[in-house]
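Working notes, beginning with the structure itself.
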Amino acid sequence: MNIPTYVITMIGEGISEMLSQECINSANKFGIQPEIFPATWGKDIDKHFVEQDLKVFKRAQKKKEINPGLKGCLLSHYRLWKKCIASAKPMMIFEHDNFVLREIPENLMDKFEDVLHLDFASRKVSNYEDHTKTYHGDEVKQWCPKLPRLSGHELFNKTHIKGSHAYIIKPLGATKMVDWVWNVGALSPDLAMNSTAIDLRYTLTSFCRINPRYWMESKKRSKNSFCRPKKWKNDV
């Protein structure tokens, strides 16, 4: 797939840079040429938060549900969404622990309007390893066809993507995401990308996955999530 592609990378953090290179190498095998996108992290978090004129989602602020890692991750995606709007072109966004598994068909671009998630399965299927090894075709489905009768954080929690490590976003979707976060407040990026904010679609096939060397099956998450950088040295 020949669209601008970015890998969010914590520049100066060795593990993040190593993971990003593995992500780039996996993408290159299928003709994708990603660029490194400097993540917001460390001392840059508060600076960028002020620059973007954002606020923390009220419940998250009260219960401290958005730590510096989550805030930096959200800001990294948010800055890319703005870049997508400015370019008026779709873009593919990877986090550093993403791994491309197979060729991503061009015809997927005609099957969604806002956001297309390229690996819905990491926290949804009982056997992630088996799922990622199997090709399930190029069908695209709507993430949440009918919204549950909930509100606020509970509604977002039931309708968001499971992991923001690999997706394609179009300018319309990016505009909706920027407006939503600016109005509602900052949450983790996967929680922010929910079906109340955008038309969220996903591929039945996992065209990408969490880097298999760092996937924790029992906990259904990556050892090197952006929200847990202080613990990385104990995990690798």
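Just so we're on the same page: first chain in the structure tokens is A, next is B, and so on; residues restart at 1 for each chain, and ligands are numbered from 1 in the order they show up.
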Residue contacts of Gly72 of chain A (6 Å, only C-alpha atoms) excluding same-chain residues fewer than 6 positions away, as a PyMOL selection string: chain A and resi 40-41+45
Contacts of Arg213 of chain A within 10 Å, only C-alpha atoms, excl. fewer than 2 positions in-chain, as an NGL selection string: :A and (19 or 97 or 99 or 210-211 or 215-216 or 222-223 or 236)
Residues as selected, N, CA, C and O atoms, written as a PDB file, in the first residue's frame, can you do that?
ATOM      1  N   LEU A  19      12.678  -1.307  18.460  1.00  0.00           N
ATOM      2  CA  LEU A  19      11.373  -1.816  18.048  1.00  0.00           C
ATOM      3  C   LEU A  19      10.928  -1.167  16.740  1.00  0.00           C
ATOM      4  O   LEU A  19      10.401  -1.843  15.848  1.00  0.00           O
ATOM      5  N   ASP A  97       5.883  -0.855  18.545  1.00  0.00           N
ATOM      6  CA  ASP A  97       5.842  -2.300  18.745  1.00  0.00           C
ATOM      7  C   ASP A  97       4.933  -3.015  17.748  1.00  0.00           C
ATOM      8  O   ASP A  97       4.586  -4.174  17.933  1.00  0.00           O
ATOM      9  N   PHE A  99       4.126  -4.831  14.088  1.00  0.00           N
ATOM     10  CA  PHE A  99       4.858  -5.709  13.179  1.00  0.00           C
ATOM     11  C   PHE A  99       3.935  -6.037  12.009  1.00  0.00           C
ATOM     12  O   PHE A  99       2.818  -6.510  12.217  1.00  0.00           O
ATOM     13  N   ILE A 210       1.023  -7.099  17.218  1.00  0.00           N
ATOM     14  CA  ILE A 210       2.038  -6.681  18.179  1.00  0.00           C
ATOM     15  C   ILE A 210       3.297  -7.507  17.922  1.00  0.00           C
ATOM     16  O   ILE A 210       3.221  -8.715  17.670  1.00  0.00           O
ATOM     17  N   ASN A 211       4.453  -6.879  17.963  1.00  0.00           N
ATOM     18  CA  ASN A 211       5.715  -7.575  17.745  1.00  0.00           C
ATOM     19  C   ASN A 211       5.729  -8.895  18.532  1.00  0.00           C
ATOM     20  O   ASN A 211       5.611  -8.882  19.762  1.00  0.00           O
ATOM     21  N   TRP A 215       5.145  -9.878  22.839  1.00  0.00           N
ATOM     22  CA  TRP A 215       3.730 -10.041  23.148  1.00  0.00           C
ATOM     23  C   TRP A 215       3.563 -10.922  24.377  1.00  0.00           C
ATOM     24  O   TRP A 215       4.134 -12.006  24.467  1.00  0.00           O
ATOM     25  N   MET A 216       2.795 -10.451  25.357  1.00  0.00           N
ATOM     26  CA  MET A 216       2.502 -11.226  26.559  1.00  0.00           C
ATOM     27  C   MET A 216       1.095 -11.785  26.435  1.00  0.00           C
ATOM     28  O   MET A 216       0.114 -11.079  26.661  1.00  0.00           O
ATOM     29  N   SER A 222       1.524  -5.648  25.012  1.00  0.00           N
ATOM     30  CA  SER A 222       2.935  -5.628  24.676  1.00  0.00           C
ATOM     31  C   SER A 222       3.774  -5.326  25.913  1.00  0.00           C
ATOM     32  O   SER A 222       3.366  -4.563  26.785  1.00  0.00           O
ATOM     33  N   LYS A 223       4.951  -5.931  25.991  1.00  0.00           N
ATOM     34  CA  LYS A 223       5.881  -5.599  27.069  1.00  0.00           C
ATOM     35  C   LYS A 223       6.350  -4.158  26.967  1.00  0.00           C
ATOM     36  O   LYS A 223       6.798  -3.576  27.946  1.00  0.00           O
ATOM     37  N   VAL A 236      12.525  -6.974  29.252  1.00  0.00           N
ATOM     38  CA  VAL A 236      13.261  -7.467  28.093  1.00  0.00           C
ATOM     39  C   VAL A 236      14.614  -8.038  28.529  1.00  0.00           C
ATOM     40  O   VAL A 236      15.022  -7.856  29.644  1.00  0.00           O
TER      41      VAL A 236
END
Within 7 Å of Cys144 of chain A, counting only C-alpha atoms, which residues show up once you throw out same-chain ones fewer than 3 positions away? Write them as a list in words, please. Leu147, Thr159 and Ser195 of chain A
Got time to write the residues from that selection, all heavy atoms, as a compact mmCIF listing (two decimals), in the first residue's frame?
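Saved the output as again28.txt:
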# COMPACT_ATOMS: atom_id res chain seq x y z
N LEU A 147 -24.74 1.38 19.03
CA LEU A 147 -24.16 1.90 20.28
C LEU A 147 -24.94 1.40 21.49
O LEU A 147 -26.17 1.40 21.49
CB LEU A 147 -24.16 3.43 20.27
CG LEU A 147 -23.30 4.11 19.20
CD1 LEU A 147 -23.43 5.63 19.33
CD2 LEU A 147 -21.84 3.70 19.32
N THR A 159 -16.86 0.92 23.13
CA THR A 159 -16.92 1.12 21.68
C THR A 159 -15.59 1.52 21.06
O THR A 159 -15.54 1.94 19.91
CB THR A 159 -17.95 2.23 21.35
OG1 THR A 159 -17.54 3.47 21.95
CG2 THR A 159 -19.34 1.86 21.84
N SER A 195 -16.43 4.52 18.65
CA SER A 195 -17.49 4.62 17.64
C SER A 195 -18.43 5.80 17.84
O SER A 195 -19.28 6.05 16.99
CB SER A 195 -18.30 3.31 17.62
OG SER A 195 -17.46 2.23 17.24
Secondary structure check, alpha helix (DSSP H) residues of segment 180-219 of chain A, as a short mmCIF file (atom, residue, chain, number, x, y, z; two decimals) with N, CA, C and O atoms, in the first residue's frame:
data_model
loop_
_atom_site.label_atom_id
_atom_site.label_comp_id
_atom_site.auth_asym_id
_atom_site.auth_seq_id
_atom_site.Cartn_x
_atom_site.Cartn_y
_atom_site.Cartn_z
N TRP A 180 -12.95 15.77 18.42
CA TRP A 180 -13.47 15.01 19.56
C TRP A 180 -12.56 15.16 20.77
O TRP A 180 -13.03 15.43 21.88
N VAL A 181 -11.26 14.96 20.58
CA VAL A 181 -10.33 15.06 21.71
C VAL A 181 -10.30 16.48 22.26
O VAL A 181 -10.26 16.69 23.48
N TRP A 182 -10.34 17.47 21.38
CA TRP A 182 -10.30 18.85 21.84
C TRP A 182 -11.54 19.17 22.68
O TRP A 182 -11.44 19.87 23.69
N ASN A 183 -12.69 18.63 22.29
CA ASN A 183 -13.94 18.92 23.01
C ASN A 183 -14.13 18.06 24.25
O ASN A 183 -14.56 18.56 25.30
N VAL A 184 -13.82 16.78 24.16
CA VAL A 184 -14.10 15.84 25.25
C VAL A 184 -12.96 15.78 26.25
O VAL A 184 -13.17 15.66 27.45
N PRO A 189 -5.08 6.90 23.35
CA PRO A 189 -5.51 6.99 21.95
C PRO A 189 -6.49 5.91 21.52
O PRO A 189 -7.40 6.18 20.73
N ASP A 190 -6.33 4.68 22.03
CA ASP A 190 -7.29 3.65 21.61
C ASP A 190 -8.67 3.91 22.19
O ASP A 190 -9.69 3.66 21.55
N LEU A 191 -8.73 4.44 23.42
CA LEU A 191 -10.01 4.79 24.01
C LEU A 191 -10.64 5.98 23.29
O LEU A 191 -11.86 6.05 23.11
N ALA A 192 -9.80 6.91 22.86
CA ALA A 192 -10.31 8.07 22.13
C ALA A 192 -10.88 7.67 20.77
O ALA A 192 -11.86 8.27 20.30
#
Excluding Leu155 of chain A and residues on its chain fewer than 2 positions from it, collect all residues at most 12 Å away from it, counting only C-alpha atoms, and give them as an MDAnalysis selection string. chainID A and resid 144 146:153 157:160 191:197
With N, CA, C and O atoms retained, could you export that selection as a CSV table (one decimal), in the first residue's frame?
chain,number,residue,atom,x,y,z
A,144,CYS,N,-18.7,-1.1,15.8
A,144,CYS,CA,-19.8,-1.2,16.8
A,144,CYS,C,-21.0,-0.7,16.0
A,144,CYS,O,-21.4,0.5,16.1
A,146,LYS,N,-24.2,-0.9,16.6
A,146,LYS,CA,-25.2,-0.3,17.4
A,146,LYS,C,-24.6,0.1,18.7
A,146,LYS,O,-24.0,-0.7,19.4
A,147,LEU,N,-24.7,1.4,19.0
A,147,LEU,CA,-24.2,1.9,20.3
A,147,LEU,C,-24.9,1.4,21.5
A,147,LEU,O,-26.2,1.4,21.5
A,148,PRO,N,-24.2,1.0,22.5
A,148,PRO,CA,-24.9,0.5,23.8
A,148,PRO,C,-25.6,1.7,24.5
A,148,PRO,O,-25.2,2.9,24.3
A,149,ARG,N,-26.5,1.4,25.3
A,149,ARG,CA,-27.2,2.5,26.1
A,149,ARG,C,-26.4,2.9,27.3
A,149,ARG,O,-26.7,2.6,28.5
A,150,LEU,N,-25.3,3.5,27.1
A,150,LEU,CA,-24.4,4.0,28.1
A,150,LEU,C,-24.0,5.4,27.8
A,150,LEU,O,-24.4,6.0,26.8
A,151,SER,N,-23.2,6.0,28.7
A,151,SER,CA,-22.8,7.4,28.5
A,151,SER,C,-21.4,7.6,29.0
A,151,SER,O,-20.9,6.8,29.8
A,152,GLY,N,-20.7,8.7,28.6
A,152,GLY,CA,-19.4,9.0,29.1
A,152,GLY,C,-18.4,8.0,28.9
A,152,GLY,O,-18.3,7.3,27.9
A,153,HIS,N,-17.5,7.8,30.0
A,153,HIS,CA,-16.4,6.9,29.9
A,153,HIS,C,-16.9,5.5,29.6
A,153,HIS,O,-16.2,4.7,28.9
A,157,ASN,N,-15.6,3.2,26.6
A,157,ASN,CA,-14.9,1.9,26.9
A,157,ASN,C,-15.5,0.7,26.2
A,157,ASN,O,-14.7,-0.2,25.9
A,158,LYS,N,-16.7,0.8,25.9
A,158,LYS,CA,-17.4,-0.3,25.2
A,158,LYS,C,-17.3,-0.2,23.6
A,158,LYS,O,-17.6,-1.2,22.9
A,159,THR,N,-16.9,0.9,23.1
A,159,THR,CA,-16.9,1.1,21.7
A,159,THR,C,-15.6,1.5,21.1
A,159,THR,O,-15.5,1.9,19.9
A,160,HIS,N,-14.5,1.3,21.8
A,160,HIS,CA,-13.2,1.8,21.3
A,160,HIS,C,-12.4,0.6,20.7
A,160,HIS,O,-12.7,-0.6,21.0
A,191,LEU,N,-8.7,4.4,23.4
A,191,LEU,CA,-10.0,4.8,24.0
A,191,LEU,C,-10.6,6.0,23.3
A,191,LEU,O,-11.9,6.0,23.1
A,192,ALA,N,-9.8,6.9,22.9
A,192,ALA,CA,-10.3,8.1,22.1
A,192,ALA,C,-10.9,7.7,20.8
A,192,ALA,O,-11.9,8.3,20.3
A,193,MET,N,-10.3,6.7,20.1
A,193,MET,CA,-10.8,6.2,18.8
A,193,MET,C,-11.9,5.2,19.1
A,193,MET,O,-11.8,4.0,19.0
A,194,ASN,N,-13.1,5.8,19.3
A,194,ASN,CA,-14.3,5.0,19.6
A,194,ASN,C,-15.4,5.3,18.6
A,194,ASN,O,-15.3,6.3,17.9
A,195,SER,N,-16.4,4.5,18.7
A,195,SER,CA,-17.5,4.6,17.6
A,195,SER,C,-18.4,5.8,17.8
A,195,SER,O,-19.3,6.1,17.0
A,196,THR,N,-18.3,6.5,19.0
A,196,THR,CA,-19.1,7.7,19.1
A,196,THR,C,-18.4,8.9,18.4
A,196,THR,O,-19.0,9.9,18.1
A,197,ALA,N,-17.1,8.8,18.2
A,197,ALA,CA,-16.3,9.9,17.6
A,197,ALA,C,-16.2,9.7,16.1
A,197,ALA,O,-16.2,10.7,15.3
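Residues in contact with Thr205 of chain A at up to 7 Å, not including ones fewer than 2 positions away on its chain and judged by only C-alpha atoms, are A:Tyr135, A:His136, A:Gly137, A:Asp138, A:Thr203, A:Phe207.
When only C-alpha atoms are used to measure the gap to Lys55 of chain A, the shortest distance among A:Asp199, A:Arg102, A:Leu187, A:His165 belongs to A:Leu187.
The smallest atom-to-atom distance between His77 of chain A and any of A:Leu101, A:Met91, A:Val140, A:Ile24, using only C-alpha atoms, is found for A:Met91.
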Determine which residues of segment 76-204 of chain A DSSP labels as strand (DSSP E or B) from the backbone of this structure, then write them out as a list of chain:residue names. A:Met91, A:Met92, A:Ile93, A:Phe94, A:Glu95, A:Asn98, A:Phe99, A:Val100, A:Val115, A:Leu116, A:His117, A:Val140, A:Lys141, A:Gln142, A:His160, A:Ala166, A:Tyr167, A:Ile168, A:Ile169, A:Ala186, A:Asn194, A:Leu200, A:Arg201, A:Tyr202, A:Thr203
Nearest to Cys73 of chain A among A:Lys162, A:His96, A:Lys170, A:Lys176, with distances taken over only C-alpha atoms: which residue is it? A:His96
Fewer than 3 positions away in the same chain doesn't count, so skip those; otherwise give me all residues within 12 Å of Val7 of chain A, counting only C-alpha atoms, as a short mmCIF file (atom, residue, chain, number, x, y, z; two decimals) with all heavy atoms, in the first residue's frame.
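around_16.cif, written as the output of this step:
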data_model
loop_
_atom_site.label_atom_id
_atom_site.label_comp_id
_atom_site.auth_asym_id
_atom_site.auth_seq_id
_atom_site.Cartn_x
_atom_site.Cartn_y
_atom_site.Cartn_z
N PRO A 4 1.45 7.64 2.78
CA PRO A 4 2.39 8.03 3.84
C PRO A 4 2.19 7.19 5.10
O PRO A 4 1.06 6.99 5.55
CB PRO A 4 2.03 9.50 4.08
CG PRO A 4 1.42 9.96 2.80
CD PRO A 4 0.68 8.78 2.26
N MET A 10 10.08 6.85 20.26
CA MET A 10 10.65 7.68 21.32
C MET A 10 12.13 7.88 21.02
O MET A 10 12.97 7.05 21.36
CB MET A 10 10.43 7.02 22.68
CG MET A 10 8.96 6.84 23.02
SD MET A 10 8.66 5.72 24.41
CE MET A 10 9.24 6.71 25.78
N ILE A 11 12.46 8.97 20.35
CA ILE A 11 13.84 9.24 19.95
C ILE A 11 14.73 9.36 21.19
O ILE A 11 14.41 10.09 22.13
CB ILE A 11 13.93 10.53 19.11
CG1 ILE A 11 12.99 10.45 17.89
CG2 ILE A 11 15.37 10.79 18.69
CD1 ILE A 11 13.29 9.32 16.94
N SER A 16 12.76 1.67 22.21
CA SER A 16 11.79 2.18 21.25
C SER A 16 12.39 2.26 19.85
O SER A 16 11.75 1.88 18.85
CB SER A 16 11.29 3.56 21.69
OG SER A 16 10.33 4.07 20.77
N GLU A 17 13.62 2.73 19.75
CA GLU A 17 14.28 2.83 18.45
C GLU A 17 14.51 1.45 17.85
O GLU A 17 14.35 1.26 16.64
CB GLU A 17 15.58 3.60 18.59
CG GLU A 17 15.36 5.08 18.93
CD GLU A 17 16.65 5.86 19.08
OE1 GLU A 17 17.72 5.22 19.27
OE2 GLU A 17 16.61 7.11 19.02
N MET A 18 14.86 0.48 18.67
CA MET A 18 15.06 -0.89 18.18
C MET A 18 13.74 -1.48 17.68
O MET A 18 13.68 -2.08 16.59
CB MET A 18 15.61 -1.76 19.30
CG MET A 18 15.79 -3.23 18.93
SD MET A 18 16.06 -4.28 20.39
CE MET A 18 14.46 -4.20 21.19
N LEU A 19 12.68 -1.31 18.46
CA LEU A 19 11.37 -1.82 18.05
C LEU A 19 10.93 -1.17 16.74
O LEU A 19 10.40 -1.84 15.85
CB LEU A 19 10.34 -1.53 19.14
CG LEU A 19 10.40 -2.40 20.40
CD1 LEU A 19 9.58 -1.77 21.51
CD2 LEU A 19 9.90 -3.80 20.12
N SER A 20 11.11 0.14 16.63
CA SER A 20 10.71 0.85 15.42
C SER A 20 11.44 0.32 14.19
O SER A 20 10.85 0.18 13.12
CB SER A 20 10.96 2.35 15.56
OG SER A 20 10.09 2.90 16.53
N GLN A 21 12.73 0.03 14.35
CA GLN A 21 13.48 -0.51 13.21
C GLN A 21 12.95 -1.88 12.81
O GLN A 21 12.86 -2.21 11.62
CB GLN A 21 14.97 -0.59 13.55
CG GLN A 21 15.84 -0.92 12.34
CD GLN A 21 15.67 0.08 11.21
OE1 GLN A 21 15.84 1.28 11.39
NE2 GLN A 21 15.29 -0.41 10.02
N GLU A 22 12.57 -2.70 13.80
CA GLU A 22 11.97 -4.00 13.48
C GLU A 22 10.64 -3.81 12.76
O GLU A 22 10.31 -4.56 11.83
CB GLU A 22 11.79 -4.82 14.75
CG GLU A 22 13.11 -5.28 15.36
CD GLU A 22 12.94 -6.20 16.56
OE1 GLU A 22 11.80 -6.61 16.84
OE2 GLU A 22 13.96 -6.52 17.21
N CYS A 23 9.86 -2.82 13.18
CA CYS A 23 8.60 -2.51 12.51
C CYS A 23 8.86 -2.09 11.06
O CYS A 23 8.19 -2.57 10.14
CB CYS A 23 7.86 -1.41 13.27
SG CYS A 23 6.33 -0.88 12.49
N ILE A 24 9.83 -1.21 10.86
CA ILE A 24 10.16 -0.74 9.51
C ILE A 24 10.63 -1.90 8.64
O ILE A 24 10.21 -2.03 7.48
CB ILE A 24 11.23 0.37 9.59
CG1 ILE A 24 10.63 1.63 10.18
CG2 ILE A 24 11.82 0.66 8.20
CD1 ILE A 24 11.64 2.71 10.53
N ASN A 25 11.48 -2.76 9.19
CA ASN A 25 11.97 -3.90 8.41
C ASN A 25 10.82 -4.81 7.98
O ASN A 25 10.80 -5.31 6.85
CB ASN A 25 12.98 -4.70 9.24
CG ASN A 25 14.27 -3.94 9.49
OD1 ASN A 25 14.55 -2.94 8.82
ND2 ASN A 25 15.06 -4.39 10.46
N SER A 26 9.87 -5.03 8.89
CA SER A 26 8.72 -5.90 8.55
C SER A 26 7.86 -5.25 7.47
O SER A 26 7.34 -5.94 6.58
CB SER A 26 7.89 -6.20 9.80
OG SER A 26 7.17 -5.05 10.24
N ALA A 27 7.72 -3.93 7.51
CA ALA A 27 6.92 -3.22 6.52
C ALA A 27 7.60 -3.20 5.16
O ALA A 27 6.95 -3.35 4.11
CB ALA A 27 6.66 -1.79 6.99
N ILE A 32 6.15 -1.27 1.90
CA ILE A 32 5.76 -0.10 2.69
C ILE A 32 7.04 0.56 3.20
O ILE A 32 7.92 -0.12 3.72
CB ILE A 32 4.85 -0.51 3.87
CG1 ILE A 32 3.61 -1.24 3.37
CG2 ILE A 32 4.46 0.71 4.69
CD1 ILE A 32 2.81 -1.92 4.47
N GLN A 33 7.11 1.87 3.04
CA GLN A 33 8.32 2.61 3.42
C GLN A 33 7.98 3.61 4.54
O GLN A 33 7.80 4.80 4.29
CB GLN A 33 8.89 3.35 2.21
CG GLN A 33 9.19 2.47 1.01
CD GLN A 33 10.34 1.50 1.28
OE1 GLN A 33 11.29 1.85 1.99
NE2 GLN A 33 10.26 0.30 0.74
N PRO A 34 7.90 3.15 5.77
CA PRO A 34 7.52 4.06 6.87
C PRO A 34 8.62 5.06 7.20
O PRO A 34 9.81 4.80 6.99
CB PRO A 34 7.28 3.11 8.05
CG PRO A 34 7.26 1.74 7.48
CD PRO A 34 8.11 1.79 6.26
N GLU A 35 8.18 6.19 7.75
CA GLU A 35 9.10 7.18 8.29
C GLU A 35 8.98 7.19 9.82
O GLU A 35 7.90 6.93 10.36
CB GLU A 35 8.75 8.59 7.78
CG GLU A 35 8.91 8.79 6.30
CD GLU A 35 8.55 10.21 5.89
OE1 GLU A 35 8.79 11.15 6.68
OE2 GLU A 35 7.99 10.38 4.79
N ILE A 36 10.08 7.48 10.47
CA ILE A 36 10.06 7.65 11.92
C ILE A 36 9.33 8.96 12.26
O ILE A 36 9.59 9.99 11.65
CB ILE A 36 11.49 7.72 12.49
CG1 ILE A 36 12.20 6.37 12.31
CG2 ILE A 36 11.49 8.15 13.95
CD1 ILE A 36 11.66 5.26 13.19
N PHE A 37 8.41 8.90 13.22
CA PHE A 37 7.75 10.10 13.71
C PHE A 37 8.10 10.25 15.19
O PHE A 37 7.78 9.37 16.00
CB PHE A 37 6.23 10.02 13.54
CG PHE A 37 5.52 11.27 13.96
CD1 PHE A 37 5.46 12.37 13.14
CD2 PHE A 37 4.92 11.36 15.22
CE1 PHE A 37 4.82 13.54 13.53
CE2 PHE A 37 4.26 12.50 15.62
CZ PHE A 37 4.22 13.60 14.78
N PRO A 38 8.77 11.34 15.57
CA PRO A 38 9.20 11.50 16.96
C PRO A 38 8.01 11.57 17.92
O PRO A 38 7.15 12.45 17.80
CB PRO A 38 9.97 12.83 16.95
CG PRO A 38 10.37 13.03 15.52
CD PRO A 38 9.24 12.44 14.71
N ALA A 39 7.98 10.65 18.86
CA ALA A 39 6.90 10.62 19.85
C ALA A 39 7.01 11.79 20.81
O ALA A 39 8.08 12.36 21.01
CB ALA A 39 6.95 9.31 20.64
N SER A 76 1.12 12.08 20.61
CA SER A 76 1.83 11.63 19.41
C SER A 76 0.84 11.34 18.28
O SER A 76 1.04 11.76 17.14
CB SER A 76 2.66 10.39 19.73
OG SER A 76 3.59 10.64 20.77
N HIS A 77 -0.22 10.61 18.61
CA HIS A 77 -1.26 10.33 17.61
C HIS A 77 -1.96 11.62 17.19
O HIS A 77 -2.22 11.83 15.99
CB HIS A 77 -2.28 9.34 18.17
CG HIS A 77 -1.76 7.94 18.27
ND1 HIS A 77 -1.94 7.01 17.26
CD2 HIS A 77 -1.07 7.31 19.25
CE1 HIS A 77 -1.39 5.86 17.62
NE2 HIS A 77 -0.86 6.02 18.83
N LEU A 80 -0.08 13.53 14.68
CA LEU A 80 -0.17 12.89 13.36
C LEU A 80 -1.54 13.12 12.72
O LEU A 80 -1.63 13.29 11.50
CB LEU A 80 0.12 11.39 13.49
CG LEU A 80 1.60 11.01 13.48
CD1 LEU A 80 1.78 9.55 13.87
CD2 LEU A 80 2.24 11.28 12.12
N MET A 91 -3.24 8.46 5.80
CA MET A 91 -1.94 7.99 6.27
C MET A 91 -2.11 6.73 7.10
O MET A 91 -3.19 6.47 7.66
CB MET A 91 -1.19 9.06 7.07
CG MET A 91 -1.79 9.43 8.39
SD MET A 91 -0.68 10.48 9.43
CE MET A 91 -0.29 11.83 8.34
N MET A 92 -1.05 5.94 7.14
CA MET A 92 -1.02 4.75 7.97
C MET A 92 -0.15 5.05 9.18
O MET A 92 0.95 5.61 9.04
CB MET A 92 -0.46 3.57 7.16
CG MET A 92 -0.63 2.22 7.79
SD MET A 92 -0.88 0.89 6.55
CE MET A 92 0.48 1.18 5.41
N ILE A 93 -0.65 4.70 10.36
CA ILE A 93 0.05 5.03 11.60
C ILE A 93 0.36 3.74 12.36
O ILE A 93 -0.52 2.92 12.62
CB ILE A 93 -0.80 5.98 12.48
CG1 ILE A 93 -1.02 7.31 11.75
CG2 ILE A 93 -0.13 6.21 13.84
CD1 ILE A 93 -1.92 8.29 12.47
N PHE A 94 1.65 3.57 12.68
CA PHE A 94 2.12 2.44 13.47
C PHE A 94 2.73 2.95 14.76
O PHE A 94 3.38 3.99 14.78
CB PHE A 94 3.21 1.64 12.72
CG PHE A 94 2.77 1.01 11.43
CD1 PHE A 94 3.69 0.81 10.40
CD2 PHE A 94 1.47 0.58 11.24
CE1 PHE A 94 3.33 0.21 9.22
CE2 PHE A 94 1.07 -0.02 10.04
CZ PHE A 94 2.01 -0.21 9.03
N GLU A 95 2.55 2.19 15.83
CA GLU A 95 3.34 2.41 17.04
C GLU A 95 4.59 1.56 16.96
O GLU A 95 4.67 0.62 16.15
CB GLU A 95 2.52 2.10 18.29
CG GLU A 95 1.37 3.08 18.49
CD GLU A 95 0.54 2.82 19.73
OE1 GLU A 95 0.65 1.72 20.31
OE2 GLU A 95 -0.21 3.74 20.12
N HIS A 96 5.58 1.86 17.80
CA HIS A 96 6.88 1.21 17.64
C HIS A 96 6.84 -0.31 17.79
O HIS A 96 7.68 -1.01 17.21
CB HIS A 96 7.91 1.81 18.60
CG HIS A 96 7.59 1.66 20.05
ND1 HIS A 96 8.26 2.36 21.02
CD2 HIS A 96 6.66 0.91 20.73
CE1 HIS A 96 7.80 2.04 22.22
NE2 HIS A 96 6.82 1.17 22.06
N ASP A 97 5.88 -0.85 18.54
CA ASP A 97 5.84 -2.30 18.74
C ASP A 97 4.93 -3.01 17.75
O ASP A 97 4.59 -4.17 17.93
CB ASP A 97 5.43 -2.64 20.18
CG ASP A 97 4.10 -2.03 20.59
OD1 ASP A 97 3.51 -1.28 19.79
OD2 ASP A 97 3.66 -2.29 21.72
N ASN A 98 4.59 -2.33 16.66
CA ASN A 98 3.82 -2.97 15.60
C ASN A 98 4.73 -3.82 14.72
O ASN A 98 5.93 -3.56 14.60
CB ASN A 98 3.13 -1.90 14.74
CG ASN A 98 2.34 -2.52 13.61
OD1 ASN A 98 1.40 -3.29 13.83
ND2 ASN A 98 2.73 -2.23 12.37
N PHE A 99 4.13 -4.83 14.09
CA PHE A 99 4.86 -5.71 13.18
C PHE A 99 3.94 -6.04 12.01
O PHE A 99 2.82 -6.51 12.22
CB PHE A 99 5.27 -6.99 13.92
CG PHE A 99 6.31 -7.81 13.22
CD1 PHE A 99 7.66 -7.55 13.42
CD2 PHE A 99 5.95 -8.84 12.38
CE1 PHE A 99 8.63 -8.31 12.78
CE2 PHE A 99 6.91 -9.61 11.73
CZ PHE A 99 8.26 -9.35 11.94
N VAL A 100 4.38 -5.76 10.78
CA VAL A 100 3.56 -6.01 9.59
C VAL A 100 3.69 -7.47 9.19
O VAL A 100 4.80 -7.99 9.02
CB VAL A 100 3.97 -5.09 8.43
CG1 VAL A 100 3.07 -5.33 7.22
CG2 VAL A 100 3.88 -3.61 8.86
N SER A 164 -3.87 0.73 19.63
CA SER A 164 -3.73 1.73 18.56
C SER A 164 -2.42 1.56 17.80
O SER A 164 -1.86 2.51 17.28
CB SER A 164 -3.80 3.14 19.17
OG SER A 164 -2.88 3.28 20.24
N HIS A 165 -1.93 0.31 17.71
CA HIS A 165 -0.62 0.07 17.12
C HIS A 165 -0.60 0.06 15.60
O HIS A 165 0.47 0.20 15.01
CB HIS A 165 -0.03 -1.26 17.64
CG HIS A 165 -0.93 -2.44 17.48
ND1 HIS A 165 -2.02 -2.64 18.31
CD2 HIS A 165 -0.92 -3.47 16.60
CE1 HIS A 165 -2.63 -3.76 17.94
NE2 HIS A 165 -2.00 -4.28 16.91
N ALA A 166 -1.77 -0.07 14.94
CA ALA A 166 -1.76 -0.13 13.48
C ALA A 166 -3.13 0.23 12.92
O ALA A 166 -4.10 -0.51 13.11
CB ALA A 166 -1.36 -1.54 13.01
N TYR A 167 -3.21 1.36 12.21
CA TYR A 167 -4.47 1.75 11.59
C TYR A 167 -4.22 2.72 10.45
O TYR A 167 -3.13 3.31 10.34
CB TYR A 167 -5.42 2.37 12.61
CG TYR A 167 -4.94 3.64 13.28
CD1 TYR A 167 -5.29 4.90 12.79
CD2 TYR A 167 -4.13 3.60 14.42
CE1 TYR A 167 -4.86 6.06 13.42
CE2 TYR A 167 -3.69 4.75 15.04
CZ TYR A 167 -4.06 5.98 14.54
OH TYR A 167 -3.63 7.14 15.16
#
Taking 4 positions as the minimum chain separation for residues in the same chain, which residues sit within 9 Å of Gly31 of chain A when counting only C-alpha atoms? Answer as a ChimeraX atom specification. /A:1-2,27,103
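Among the candidate residues A:Thr5, A:Glu13, A:Ile85, A:Phe30, the one lying nearest to Asp179 of chain A is A:Ile85, with distances computed using only C-alpha atoms.
As for atom CA of Ala174 of chain A and atom CA of Cys84 of chain A, they are spaced 6.5 Å apart.
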